[in-house]
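Below is one structure; the comments refer to it alone.
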Amino acid sequence: MRAAIASLAALLLAAAPPPPADGLTIAWEGLRSQKGRILICVTRNAKHFPNCSDDPEKRHYDVAATAGILPVGRLASGDYAIAIIHDENGNGKLDTFMGIPREGVGFSRNAPIRFGPPGFRAASVPVADMPQRQTIRVKYFL
């Protein structure tokens with residue numbers, strides 16, 4: 001009987017999902033191709049969202065489109081917003097046609113994109129000392 005219980009416990013532990021990563025983890029889905037790079041901007045400054053290039057406290061990442069996930073790690077507690085660009089041609093920027101993105105874009109909380117990017121408040125997520133995962137759906141308009 002004890003052997004059966006021990007076997008069952010071992011099986012349940014092996015089947016359990018791995019513990020969540022420490023801090024913030026960003027995942028993306030819905031890419032139309034695996035070409036190019038994913039450009040990610042993480043900021044807690046509303047003035048610098050969604051383009052956080054001038055934010056001195058930004059976290060900026062450039063990873064292969066095939067990765068699908070990025071463990072950012074611990075951040076100071078606060079509200080953060082995330083912007084993602086699927087830079088399919090690898091030129092390091094969002095290509096547009098008459099102001100409409102030609103490449104995929106996405107935002108934390110999957111904030112809706114209407115006549116421009118969402119505001120910081122619509123995309124912000126609270127980050128504290130516990131693990132946080134944001135799965136962002138990348139959208140294409142052209």
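Identifiers in this document derive from the order of the structure tokens: chains are assigned A, B, ..., residues are numbered from 1 separately in each chain, and ligands are numbered from 1 in order of occurrence.
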
*Run DSSP on the backbone of this structure and report the residues of chain A it assigns to helix (DSSP H, G or I), as JSON, numbers by chain.*
{"A": [2, 3, 4, 5, 6, 7, 8, 9, 10, 11, 12, 13, 14, 15, 46, 47, 48, 108, 109, 110, 120, 121, 122, 123]}

*Distance query A:Lys139 at most 8 Å, only C-alpha atoms, self and fewer than 5 positions along chain excluded, as number ranges by chain*: A: 30-31, 104-106

Would you export the selected residues with N, CA, C and O atoms as a PDB file, in the first residue's frame, please?
```
ATOM      1  N   GLY A  30       0.432  34.394 -31.901  1.00  0.00           N
ATOM      2  CA  GLY A  30      -0.241  34.941 -33.073  1.00  0.00           C
ATOM      3  C   GLY A  30       0.682  35.474 -34.149  1.00  0.00           C
ATOM      4  O   GLY A  30       0.225  36.213 -35.024  1.00  0.00           O
ATOM      5  N   LEU A  31       1.965  35.133 -34.117  1.00  0.00           N
ATOM      6  CA  LEU A  31       2.868  35.607 -35.164  1.00  0.00           C
ATOM      7  C   LEU A  31       2.472  35.004 -36.504  1.00  0.00           C
ATOM      8  O   LEU A  31       2.143  33.817 -36.584  1.00  0.00           O
ATOM      9  N   GLY A 104       3.604  43.317 -37.116  1.00  0.00           N
ATOM     10  CA  GLY A 104       2.742  43.029 -35.982  1.00  0.00           C
ATOM     11  C   GLY A 104       3.073  43.851 -34.748  1.00  0.00           C
ATOM     12  O   GLY A 104       4.239  44.169 -34.495  1.00  0.00           O
ATOM     13  N   VAL A 105       2.041  44.181 -33.993  1.00  0.00           N
ATOM     14  CA  VAL A 105       2.199  44.918 -32.736  1.00  0.00           C
ATOM     15  C   VAL A 105       1.295  44.298 -31.671  1.00  0.00           C
ATOM     16  O   VAL A 105       0.287  43.666 -31.985  1.00  0.00           O
ATOM     17  N   GLY A 106       1.665  44.491 -30.441  1.00  0.00           N
ATOM     18  CA  GLY A 106       0.850  44.014 -29.334  1.00  0.00           C
ATOM     19  C   GLY A 106       1.217  44.740 -28.059  1.00  0.00           C
ATOM     20  O   GLY A 106       2.313  45.313 -27.946  1.00  0.00           O
TER      21      GLY A 106
END
```

*For A:Ile100, which of A:Ile113, A:Ile26, A:Ile82, A:Cys52 is the closest residue, counting only C-alpha atoms?*
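Using only C-alpha atoms, the shortest distance to A:Ile100 belongs to A:Ile113.
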
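Counting only C-alpha atoms and comparing A:Thr43, A:Thr96, A:Gln34, A:Asn91, the residue that lies closest to A:Thr66 is A:Gln34.
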
*asked:* Please determine, counting only C-alpha atoms, which residue among A:Ile38, A:Ala128, A:Ala67, A:Met98 has the shortest atom-to-atom distance to A:Asp79.
replied: A:Ala128

*Interatomic distance, atom CA of A:Ser53 to atom CA of A:Ala81 (Å, one decimal)*: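 Taking atom CA of A:Ser53 as the start and atom CA of A:Ala81 as the end point, the length is 13.7 Å.
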
_I'd like to know which of A:Tyr61, A:Pro50, A:Val127, A:Phe141 is closest to A:Asp95, using only C-alpha atoms._
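Using only C-alpha atoms, A:Asp95 sits closest to A:Phe141.
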
*Identify, with DSSP run on backbone atoms, the residues in stretch 39-69 of chain A assigned to strand (DSSP E or B), and express the list as a PyMOL selection string.*
chain A and resi 39-43+59-64+69
